[in-house]
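Asker: Would you mind keeping the following structure in view while I ask a few things?
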Amino acid sequence: MAEAVAALHADHVRMTFGETKALDDVSLTVNTGEMVALIGPSGSGKSTLLRVAAALQVADSNSGPVSILGKTMQEGGKLAPGVRDNRSHLGFIFQQFNLVGRLSLFGNVLLGALGRLPRWRGVLGMFPNSVKQAAMDALDRVGIAEFAGRRASNLSGGQQQRAAIARSLVQGAEVLFADEPIASLDPVSARNVMELLRELNKEDDLTVVVTLHQIDYARQFCDRIVALNKGQVLYDGPQDELTKEKLIEIYGPEFEAAFYGGEEA
């Protein structure tokens with residue numbers, strides 16, 4: 001039997017900004033079907049790791065290879081040939097939603113199909129009926145089909161984030177990176193988005209890697225947690241083994257008062 005291909009594999013990745021080591025010899029493997037939370041203080045390297053893995057940023061020249069579903073994205077400070085094609089099965093959800101405000105919700109979700117259509121169709125907006133149906137199916141799946149004709153700029157934050165997820169479904173993503181997807185949302189919308197990501201992970205076997213500041217959500221929705229600080233992995237394991245002592249090591253001595261008001265974790 002052939003060995004399963006990892007959804008994400010990063011080997012000794014290094015990334016510096018001036019004197020700051022954003023990623024300091026980070027290695028990480030995420031298997032297909034996992035839902036993994038990346039946690040850690042601001043500036044710990046969480047978002048940088050996702051952006052490097054997606055080849056949205058180029059790592060240092062002494063950095064090892066990074067691959068998605070067995071396809072190399074970059075290595076040694078250089079993007080791999082064909083990286084755009086390699087990225088086709090990777091969806092990326094941003095905190096800022098990244099929707100085109102003047103387009104309808106439906107129009108934004110259609111854009112997820114651009115990577116697998118002839119360029120002229122995208123330029124002319126001539127999407128096949130199969131793609132249009134896939135877009136409506138995706139909107140229905142994420143629970144916002146009734147707003148298909150509404151301009152994206154008139155949607156709530158939670159609806160826009162669901163739209164971004166629907167766009168990734170139309171893209172045919174097998175791996176989904178979500179970079180602080182609930183940071184700008186109210187508590188109800190944040191929970192709804194996390195429940196949707198969990199549902200897609202469990203029911204569709206979609207691999208999800210999500211950066212979070214909310215430790216309680218990481219513990220509730222993700223079976224595995226990877227914690228970073230100063231560009232290094234300080235914890236990688238089950239959510240139920242992430243102890244209060246380890247969290248204090250990750251976040252510093254202010255953790256207890258800031259997160260739990262001095263109560264036991």
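Naming scheme: A, B, ... for chains in displayed order of the structure tokens; residues 1 onward per chain; ligands 1 onward as shown.
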Please report as a tab-separated table every residue of range 137-200 of chain A lying within 12 Å of range 8-15 of chain A, along with the nearest atom pair and their distance in Å (one decimal), using only C-alpha atoms.

Answerer:
```
residue	atom	partner	partner_atom	distance
A:Glu174	CA	A:Leu8	CA	11.1
A:Val175	CA	A:Leu8	CA	8.4
A:Leu176	CA	A:Leu8	CA	10.5
A:Phe177	CA	A:Leu8	CA	10.3
```

Asker: Name the closest residue to Glu241 in chain A among the candidates A:Met194, A:Ile225, A:Leu23, A:Ile182; distances are taken between atoms, counting only C-alpha atoms.

Answerer: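 Closest residue, counting only C-alpha atoms: A:Ile225.
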
Asker: I want to know what sits within 9 Å of Ala53 in chain A, based on only C-alpha atoms, with residues of the same chain fewer than 4 positions away left out; could you give that as a PyMOL selection string?

Answerer: chain A and resi 8-10+48-49+57+66-68+73-74

Asker: Dump N, CA and C atoms for the selected residues as a PDB file, in the first residue's frame?

Answerer:
```pdb
ATOM      1  N   LEU A   8       0.307  18.853   4.394  1.00  0.00           N
ATOM      2  CA  LEU A   8       1.326  19.890   4.522  1.00  0.00           C
ATOM      3  C   LEU A   8       2.573  19.275   5.121  1.00  0.00           C
ATOM      4  N   HIS A   9       3.699  19.563   4.501  1.00  0.00           N
ATOM      5  CA  HIS A   9       4.974  19.133   5.076  1.00  0.00           C
ATOM      6  C   HIS A   9       5.971  20.275   4.948  1.00  0.00           C
ATOM      7  N   ALA A  10       6.463  20.734   6.090  1.00  0.00           N
ATOM      8  CA  ALA A  10       7.474  21.792   6.133  1.00  0.00           C
ATOM      9  C   ALA A  10       8.700  21.245   6.854  1.00  0.00           C
ATOM     10  N   THR A  48       2.913  33.695   9.390  1.00  0.00           N
ATOM     11  CA  THR A  48       4.048  33.552   8.479  1.00  0.00           C
ATOM     12  C   THR A  48       4.191  32.115   8.009  1.00  0.00           C
ATOM     13  N   LEU A  49       3.976  31.161   8.906  1.00  0.00           N
ATOM     14  CA  LEU A  49       4.084  29.754   8.532  1.00  0.00           C
ATOM     15  C   LEU A  49       3.058  29.402   7.456  1.00  0.00           C
ATOM     16  N   GLN A  57       4.757  33.940   0.625  1.00  0.00           N
ATOM     17  CA  GLN A  57       6.010  34.567   1.029  1.00  0.00           C
ATOM     18  C   GLN A  57       7.130  33.568   0.778  1.00  0.00           C
ATOM     19  N   VAL A  66       9.016  22.940   1.420  1.00  0.00           N
ATOM     20  CA  VAL A  66       7.640  22.987   1.894  1.00  0.00           C
ATOM     21  C   VAL A  66       6.765  22.423   0.788  1.00  0.00           C
ATOM     22  N   SER A  67       5.891  21.493   1.134  1.00  0.00           N
ATOM     23  CA  SER A  67       5.041  20.880   0.117  1.00  0.00           C
ATOM     24  C   SER A  67       3.589  20.823   0.594  1.00  0.00           C
ATOM     25  N   ILE A  68       2.681  20.865  -0.377  1.00  0.00           N
ATOM     26  CA  ILE A  68       1.259  20.707  -0.149  1.00  0.00           C
ATOM     27  C   ILE A  68       0.793  19.517  -0.977  1.00  0.00           C
ATOM     28  N   MET A  73       6.174  23.501  -2.895  1.00  0.00           N
ATOM     29  CA  MET A  73       5.787  24.902  -3.057  1.00  0.00           C
ATOM     30  C   MET A  73       7.014  25.800  -3.143  1.00  0.00           C
ATOM     31  N   GLN A  74       8.005  25.534  -2.305  1.00  0.00           N
ATOM     32  CA  GLN A  74       9.248  26.296  -2.345  1.00  0.00           C
ATOM     33  C   GLN A  74      10.327  25.546  -1.592  1.00  0.00           C
TER      34      GLN A  74
END
```

Asker: Counting only C-alpha atoms, which residue out of A:Asn108, A:Gln95, A:Glu19, A:Leu50 sits closest to Ser184 in chain A?

Answerer: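 Using only C-alpha atoms, Ser184 in chain A sits closest to A:Gln95.
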
Asker: When DSSP works through the backbone of this structure, what residues of range 16-237 of chain A end up as helix (DSSP H, G or I), shown as JSON, numbers by chain?

Answerer: {"A": [46, 47, 48, 49, 50, 51, 52, 53, 83, 84, 85, 86, 87, 88, 89, 105, 106, 107, 108, 109, 110, 111, 112, 113, 114, 115, 116, 119, 120, 121, 122, 123, 124, 129, 130, 131, 132, 133, 134, 135, 136, 137, 138, 139, 140, 141, 145, 146, 147, 152, 153, 154, 157, 158, 159, 160, 161, 162, 163, 164, 165, 166, 167, 168, 169, 170, 171, 187, 188, 189, 190, 191, 192, 193, 194, 195, 196, 197, 198, 199, 200, 201, 202, 203, 204, 215, 216, 217, 218, 219, 220, 221]}

Asker: As number ranges by chain, please: the residues near range 100-107 of chain A (cut-off 8 Å, only C-alpha atoms, same-chain neighbours under 2 positions excluded).

Answerer: A: 98, 109-111, 135-136, 139, 147-154, 163

Asker: Keeping all heavy atoms for every residue in the selection just given, could you write it to a file as a CSV table (one decimal), in the first residue's frame?

Answerer:
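The result, stored in again.csv:
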```
chain,number,residue,atom,x,y,z
A,98,ASN,N,-11.2,39.3,1.9
A,98,ASN,CA,-10.7,39.4,0.5
A,98,ASN,C,-11.7,39.1,-0.6
A,98,ASN,O,-11.5,38.4,-1.5
A,98,ASN,CB,-9.5,38.4,0.3
A,98,ASN,CG,-8.2,39.0,0.8
A,98,ASN,OD1,-8.2,39.9,1.6
A,98,ASN,ND2,-7.1,38.4,0.4
A,109,VAL,N,-18.1,34.0,-5.3
A,109,VAL,CA,-17.9,32.6,-5.1
A,109,VAL,C,-17.5,32.0,-6.5
A,109,VAL,O,-16.7,31.0,-6.5
A,109,VAL,CB,-19.2,32.0,-4.5
A,109,VAL,CG1,-19.0,30.4,-4.5
A,109,VAL,CG2,-19.4,32.5,-3.1
A,110,LEU,N,-18.1,32.5,-7.6
A,110,LEU,CA,-17.7,32.0,-8.9
A,110,LEU,C,-16.2,32.1,-9.1
A,110,LEU,O,-15.6,31.3,-9.8
A,110,LEU,CB,-18.4,32.8,-10.0
A,110,LEU,CG,-19.9,32.4,-10.2
A,110,LEU,CD1,-20.5,33.4,-11.3
A,110,LEU,CD2,-20.0,31.0,-10.7
A,111,LEU,N,-15.6,33.1,-8.6
A,111,LEU,CA,-14.2,33.4,-8.8
A,111,LEU,C,-13.3,32.2,-8.3
A,111,LEU,O,-12.1,32.1,-8.8
A,111,LEU,CB,-13.7,34.7,-8.1
A,111,LEU,CG,-14.4,35.9,-8.6
A,111,LEU,CD1,-13.9,37.1,-7.8
A,111,LEU,CD2,-14.2,36.2,-10.1
A,135,ALA,N,-21.4,26.9,-7.5
A,135,ALA,CA,-21.3,28.0,-6.7
A,135,ALA,C,-22.6,28.1,-5.8
A,135,ALA,O,-22.5,28.4,-4.6
A,135,ALA,CB,-21.2,29.3,-7.5
A,136,MET,N,-23.7,27.8,-6.4
A,136,MET,CA,-25.0,27.8,-5.6
A,136,MET,C,-25.0,26.7,-4.6
A,136,MET,O,-25.4,26.9,-3.4
A,136,MET,CB,-26.2,27.7,-6.5
A,136,MET,CG,-26.5,29.0,-7.3
A,136,MET,SD,-26.7,30.5,-6.2
A,136,MET,CE,-28.0,29.9,-5.1
A,139,LEU,N,-22.8,27.9,-1.7
A,139,LEU,CA,-23.5,28.9,-0.9
A,139,LEU,C,-24.5,28.2,0.0
A,139,LEU,O,-24.7,28.6,1.2
A,139,LEU,CB,-24.1,29.9,-1.8
A,139,LEU,CG,-23.2,30.9,-2.4
A,139,LEU,CD1,-23.9,31.8,-3.4
A,139,LEU,CD2,-22.5,31.8,-1.4
A,147,PHE,N,-28.6,35.0,0.1
A,147,PHE,CA,-28.0,36.3,-0.1
A,147,PHE,C,-27.2,36.3,-1.4
A,147,PHE,O,-26.4,37.2,-1.6
A,147,PHE,CB,-27.1,36.6,1.1
A,147,PHE,CG,-27.8,36.6,2.4
A,147,PHE,CD1,-27.5,35.6,3.3
A,147,PHE,CD2,-28.9,37.5,2.7
A,147,PHE,CE1,-28.2,35.6,4.6
A,147,PHE,CE2,-29.5,37.5,3.9
A,147,PHE,CZ,-29.2,36.5,4.8
A,148,ALA,N,-27.4,35.3,-2.3
A,148,ALA,CA,-26.5,35.2,-3.5
A,148,ALA,C,-26.5,36.5,-4.3
A,148,ALA,O,-25.4,36.8,-4.9
A,148,ALA,CB,-27.0,34.0,-4.3
A,149,GLY,N,-27.5,37.2,-4.4
A,149,GLY,CA,-27.6,38.4,-5.2
A,149,GLY,C,-27.1,39.7,-4.5
A,149,GLY,O,-27.0,40.7,-5.2
A,150,ARG,N,-26.8,39.6,-3.3
A,150,ARG,CA,-26.4,40.8,-2.5
A,150,ARG,C,-25.0,41.2,-2.7
A,150,ARG,O,-24.1,40.3,-2.9
A,150,ARG,CB,-26.7,40.6,-1.0
A,150,ARG,CG,-26.4,41.8,-0.1
A,150,ARG,CD,-26.8,41.5,1.3
A,150,ARG,NE,-28.2,41.2,1.5
A,150,ARG,CZ,-28.8,41.0,2.6
A,150,ARG,NH1,-28.1,41.0,3.7
A,150,ARG,NH2,-30.1,40.8,2.7
A,151,ARG,N,-24.7,42.5,-2.8
A,151,ARG,CA,-23.3,42.9,-3.0
A,151,ARG,C,-22.5,42.5,-1.8
A,151,ARG,O,-23.0,42.5,-0.6
A,151,ARG,CB,-23.2,44.4,-3.1
A,151,ARG,CG,-23.6,44.9,-4.5
A,151,ARG,CD,-23.7,46.5,-4.5
A,151,ARG,NE,-22.4,47.0,-4.2
A,151,ARG,CZ,-21.8,47.9,-5.0
A,151,ARG,NH1,-22.3,48.2,-6.2
A,151,ARG,NH2,-20.6,48.4,-4.7
A,152,ALA,N,-21.3,42.0,-2.0
A,152,ALA,CA,-20.4,41.6,-1.0
A,152,ALA,C,-20.2,42.6,0.1
A,152,ALA,O,-20.1,42.3,1.3
A,152,ALA,CB,-19.1,41.1,-1.5
A,153,SER,N,-20.1,43.9,-0.3
A,153,SER,CA,-19.9,45.0,0.6
A,153,SER,C,-21.0,45.2,1.6
A,153,SER,O,-20.9,45.9,2.6
A,153,SER,CB,-19.6,46.3,-0.1
A,153,SER,OG,-20.7,46.6,-1.0
A,154,ASN,N,-22.2,44.6,1.2
A,154,ASN,CA,-23.4,44.8,2.1
A,154,ASN,C,-23.6,43.6,3.0
A,154,ASN,O,-24.7,43.5,3.7
A,154,ASN,CB,-24.6,45.0,1.2
A,154,ASN,CG,-24.6,46.4,0.5
A,154,ASN,OD1,-24.0,47.3,1.0
A,154,ASN,ND2,-25.2,46.4,-0.6
A,163,ALA,N,-18.7,33.3,2.8
A,163,ALA,CA,-18.5,33.4,1.3
A,163,ALA,C,-17.1,33.0,0.9
A,163,ALA,O,-16.9,32.3,-0.1
A,163,ALA,CB,-18.8,34.9,0.9
```

Asker: Which residue is closest to Ser42 in chain A? Choose from A:Ser63, A:Asn86, A:Gln96, A:Thr211 and count only C-alpha atoms.

Answerer: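 Among the listed residues, the smallest separation from Ser42 in chain A belongs to A:Thr211.
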
Asker: How many Å lie between CA of Val30 in chain A and CA of Ala7 in chain A, rounded to one decimal?

Answerer: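 Atom-to-atom, CA of Val30 in chain A and CA of Ala7 in chain A are spaced 5.7 Å apart.
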
Asker: So that I can check the surroundings of Phe221 in chain A, please list as a list in words every protein, DNA and RNA residue that reaches within 10 Å of it, counting only C-alpha atoms and ignoring chain neighbours fewer than 5 positions away.

Answerer: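 Everything that qualifies: Met35, Val36, Ala37, Arg191, Met194, Glu195, Leu197, Arg198, Glu199, Asp216 and Gln239 of chain A.
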